[in-house]
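Engineer: start.cif is reproduced below (mmCIF, C-alpha atoms).
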```cif
data_protein
#
loop_
_atom_site.group_PDB
_atom_site.id
_atom_site.type_symbol
_atom_site.label_atom_id
_atom_site.label_comp_id
_atom_site.auth_asym_id
_atom_site.auth_seq_id
_atom_site.Cartn_x
_atom_site.Cartn_y
_atom_site.Cartn_z
ATOM 1 C CA SER A 438 16.095 -8.024 12.023
ATOM 2 C CA VAL A 439 13.141 -10.321 12.597
ATOM 3 C CA HIS A 440 12.396 -10.217 8.840
ATOM 4 C CA ALA A 441 15.946 -10.703 7.567
ATOM 5 C CA GLY A 442 16.319 -13.746 5.365
ATOM 6 C CA ARG A 443 12.572 -14.385 5.143
ATOM 7 C CA PRO A 444 10.861 -14.601 1.758
ATOM 8 C CA TRP A 445 8.898 -11.472 0.814
ATOM 9 C CA ALA A 446 5.651 -13.496 0.594
ATOM 10 C CA GLU A 447 5.974 -14.357 4.297
ATOM 11 C CA VAL A 448 6.692 -10.762 5.342
ATOM 12 C CA GLU A 449 3.917 -9.451 3.090
ATOM 13 C CA ALA A 450 1.394 -11.879 4.608
ATOM 14 C CA MET A 451 2.285 -10.606 8.092
ATOM 15 C CA LEU A 452 1.932 -6.966 6.992
ATOM 16 C CA ASN A 453 -1.326 -7.589 5.129
ATOM 17 C CA ALA A 454 -2.845 -9.031 8.311
ATOM 18 C CA MET A 455 -2.483 -5.594 9.957
ATOM 19 C CA ASP A 456 -4.981 -2.758 9.551
ATOM 20 C CA LEU A 457 -3.597 0.250 7.703
ATOM 21 C CA GLU A 458 -2.820 2.407 10.759
ATOM 22 C CA THR A 459 -1.054 -0.456 12.552
ATOM 23 C CA ARG A 460 0.988 -1.154 9.427
ATOM 24 C CA TYR A 461 1.797 2.568 9.042
ATOM 25 C CA ASP A 462 3.321 2.671 12.540
ATOM 26 C CA TYR A 463 4.781 -0.866 12.693
ATOM 27 C CA VAL A 464 8.542 -0.751 13.380
ATOM 28 C CA PRO A 465 10.373 -3.981 12.562
ATOM 29 C CA GLU A 466 13.370 -4.774 14.737
ATOM 30 C CA GLY A 467 16.290 -2.654 13.546
ATOM 31 C CA GLY A 468 14.104 -0.820 11.011
ATOM 32 C CA GLU A 469 11.711 2.080 10.681
ATOM 33 C CA SER A 470 7.975 2.403 10.276
ATOM 34 C CA TRP A 471 6.295 3.452 7.055
ATOM 35 C CA ARG A 472 5.494 6.772 8.808
ATOM 36 C CA MET A 473 9.165 7.276 9.753
ATOM 37 C CA PHE A 474 10.276 6.339 6.218
ATOM 38 C CA GLU A 475 7.790 8.791 4.694
ATOM 39 C CA ARG A 476 8.975 11.570 7.026
ATOM 40 C CA ARG A 477 12.635 10.885 6.187
ATOM 41 C CA LEU A 478 11.856 10.953 2.448
ATOM 42 C CA GLY A 479 9.870 14.183 2.819
ATOM 43 C CA GLU A 480 12.714 15.850 4.684
ATOM 44 C CA ALA A 481 15.144 14.746 1.962
ATOM 45 C CA MET A 482 12.861 16.173 -0.747
ATOM 46 C CA GLU A 483 12.579 19.474 1.147
ATOM 47 C CA GLU A 484 16.376 19.666 1.416
ATOM 48 C CA ILE A 485 16.774 18.901 -2.306
ATOM 49 C CA MET A 486 14.272 21.648 -3.185
ATOM 50 C CA ARG A 487 15.934 24.121 -0.829
ATOM 51 C CA GLU A 488 19.347 23.449 -2.397
ATOM 52 C CA ASN A 489 18.016 23.581 -5.985
ATOM 53 C CA PRO A 490 15.319 26.264 -6.077
ATOM 54 C CA ASP A 491 15.512 26.926 -9.825
ATOM 55 C CA GLY A 492 16.988 23.776 -11.282
ATOM 56 C CA THR A 493 15.970 20.473 -12.708
ATOM 57 C CA VAL A 494 16.814 17.670 -10.320
ATOM 58 C CA THR A 495 17.064 13.921 -10.815
ATOM 59 C CA VAL A 496 16.537 11.722 -7.769
ATOM 60 C CA VAL A 497 17.490 8.070 -8.128
ATOM 61 C CA THR A 498 15.937 5.686 -5.619
ATOM 62 C CA HIS A 499 14.259 2.301 -5.223
ATOM 63 C CA ALA A 500 10.642 1.249 -5.784
ATOM 64 C CA GLY A 501 9.681 1.375 -2.097
ATOM 65 C CA ALA A 502 10.733 5.006 -1.841
ATOM 66 C CA ILE A 503 8.867 5.866 -5.041
ATOM 67 C CA ARG A 504 5.705 4.132 -3.775
ATOM 68 C CA ALA A 505 5.894 6.104 -0.514
ATOM 69 C CA LEU A 506 6.765 9.415 -2.170
ATOM 70 C CA ILE A 507 4.059 9.567 -4.851
ATOM 71 C CA PRO A 508 1.059 9.939 -2.508
ATOM 72 C CA PHE A 509 3.135 12.077 -0.123
ATOM 73 C CA LEU A 510 4.069 14.524 -2.902
ATOM 74 C CA LYS A 511 0.572 14.536 -4.372
ATOM 75 C CA GLY A 512 -1.055 15.057 -0.969
ATOM 76 C CA SER A 513 -3.062 11.867 -1.512
ATOM 77 C CA PRO A 514 -3.981 9.260 1.107
ATOM 78 C CA LYS A 515 -1.089 6.961 1.992
ATOM 79 C CA GLU A 516 -2.989 3.846 0.864
ATOM 80 C CA GLU A 517 -2.655 5.140 -2.706
ATOM 81 C CA SER A 518 0.924 3.842 -2.523
ATOM 82 C CA PHE A 519 -0.437 0.322 -3.064
ATOM 83 C CA LEU A 520 -1.474 1.360 -6.593
ATOM 84 C CA TYR A 521 2.111 1.858 -7.743
ATOM 85 C CA GLN A 522 4.562 -0.842 -8.779
ATOM 86 C CA PRO A 523 7.462 1.039 -10.394
ATOM 87 C CA GLY A 524 9.716 -1.243 -12.416
ATOM 88 C CA ASN A 525 13.487 -1.329 -12.503
ATOM 89 C CA ALA A 526 14.925 1.659 -14.371
ATOM 90 C CA SER A 527 11.464 3.258 -14.644
ATOM 91 C CA VAL A 528 10.973 7.019 -14.633
ATOM 92 C CA THR A 529 8.564 8.906 -12.370
ATOM 93 C CA LEU A 530 8.300 12.575 -13.254
ATOM 94 C CA PHE A 531 6.958 15.480 -11.166
ATOM 95 C CA ASP A 532 6.875 19.224 -11.712
ATOM 96 C CA VAL A 533 7.243 21.403 -8.643
ATOM 97 C CA THR A 534 6.233 25.039 -8.374
ATOM 98 C CA GLU A 535 5.946 27.013 -5.164
ATOM 99 C CA GLN A 536 6.450 23.874 -3.026
ATOM 100 C CA ARG A 537 3.561 22.065 -4.811
ATOM 101 C CA PHE A 538 4.182 18.845 -6.708
ATOM 102 C CA SER A 539 2.243 17.847 -9.805
ATOM 103 C CA ALA A 540 2.505 14.337 -11.215
ATOM 104 C CA VAL A 541 3.528 14.342 -14.878
ATOM 105 C CA LEU A 542 4.417 10.706 -15.603
#
```
Take the structure I supplied and represent it as structure tokens, if you would.

Structural biologist:
Amino acid sequence: SVHAGRPWAEVEAMLNAMDLETRYDYVPEGGESWRMFERRLGEAMEEIMRENPDGTVTVVTHAGAIRALIPFLKGSPKEESFLYQPGNASVTLFDVTEQRFSAVL
């Protein structure tokens, strides 16, 4: 990948130079765009809900997935993801009823 081995500050500077829509659709070599990532996460959440219609589910993932999922699940604009910086071992809690997600914590 063109970004492999580069410090995050360098990659972040390149991404921050892009307007939001360009960044949303930018596909790094060997990677996926933010849009593709969001779609993949959404499909995974739909599958989890389909397989667990009445249960409590725990999903363990990394900060980037949490940042992308929160606005997606809330139906908020994608740029809201920049507001979230989940820490290691943090908990993000949602209730879901009738395919609608509500942020709890």

Engineer: In terms of the shortest atom-to-atom distance over only C-alpha atoms, which of A:Leu510, A:Ala450, A:Ile503, A:Met455 is closest to Gly524 in chain A?

Structural biologist: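 Distance minimum relative to Gly524 in chain A lands on A:Ile503.
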
Engineer: Give me the residues near Pro465 in chain A as a PyMOL selection string, where near means some atom within 12 Å (using all atoms listed in the file) and where sequence neighbours in that chain fewer than 3 positions away do not count.

Structural biologist: chain A and resi 438-441+448+451-452+459-462+468-471+473

Engineer: Emit the selected residues as a JSON list (two decimals), in the coordinates of the input, including C-alpha atoms.

Structural biologist:
```json
[["chain", "number", "residue", "atom", "x", "y", "z"],
["A", 438, "SER", "CA", 16.10, -8.02, 12.02],
["A", 439, "VAL", "CA", 13.14, -10.32, 12.60],
["A", 440, "HIS", "CA", 12.40, -10.22, 8.84],
["A", 441, "ALA", "CA", 15.95, -10.70, 7.57],
["A", 448, "VAL", "CA", 6.69, -10.76, 5.34],
["A", 451, "MET", "CA", 2.28, -10.61, 8.09],
["A", 452, "LEU", "CA", 1.93, -6.97, 6.99],
["A", 459, "THR", "CA", -1.05, -0.46, 12.55],
["A", 460, "ARG", "CA", 0.99, -1.15, 9.43],
["A", 461, "TYR", "CA", 1.80, 2.57, 9.04],
["A", 462, "ASP", "CA", 3.32, 2.67, 12.54],
["A", 468, "GLY", "CA", 14.10, -0.82, 11.01],
["A", 469, "GLU", "CA", 11.71, 2.08, 10.68],
["A", 470, "SER", "CA", 7.98, 2.40, 10.28],
["A", 471, "TRP", "CA", 6.30, 3.45, 7.06],
["A", 473, "MET", "CA", 9.16, 7.28, 9.75]]
```

Engineer: With a distance cut-off of 12 Å and all atoms listed in the file, select the neighbouring residues of Asn525 in chain A, excluding the residue or stretch itself and same-chain residues fewer than 5 positions from it, and output the selection as number ranges by chain.

Structural biologist: A: 497-501, 503

Engineer: So how far away is CA of Phe519 in chain A from CA of Asp532 in chain A, in Å?

Structural biologist: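 Separating CA of Asp532 in chain A from CA of Phe519 in chain A is a distance of 22.0 Å.
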
Engineer: With the PyMOL selection byres ((chain A and resi 496) around 12) as the selection, what would be picked from this file? Answer as a PyMOL selection string, please.

Structural biologist: chain A and resi 478+481-482+485-486+493-495+497-499+502-503+506+528-531

Engineer: Ranking A:Arg443, A:Lys515, A:Arg537, A:Arg487 by minimum distance to Glu475 in chain A and counting all atoms listed in the file, which one comes first?

Structural biologist: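 Counting all atoms listed in the file, the residue closest to Glu475 in chain A is A:Lys515.
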
Engineer: Work out how far apart CA of Ala505 in chain A and CA of Phe538 in chain A are and give it in Å to one decimal.

Structural biologist: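 Result for CA of Ala505 in chain A versus CA of Phe538 in chain A: 14.3 Å, one decimal.
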
Engineer: Could you tell me how far CA of Arg472 in chain A lies from CA of Asn489 in chain A, in Å and to one decimal?

Structural biologist: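 Pair CA of Arg472 in chain A / CA of Asn489 in chain A returns 25.7 Å.
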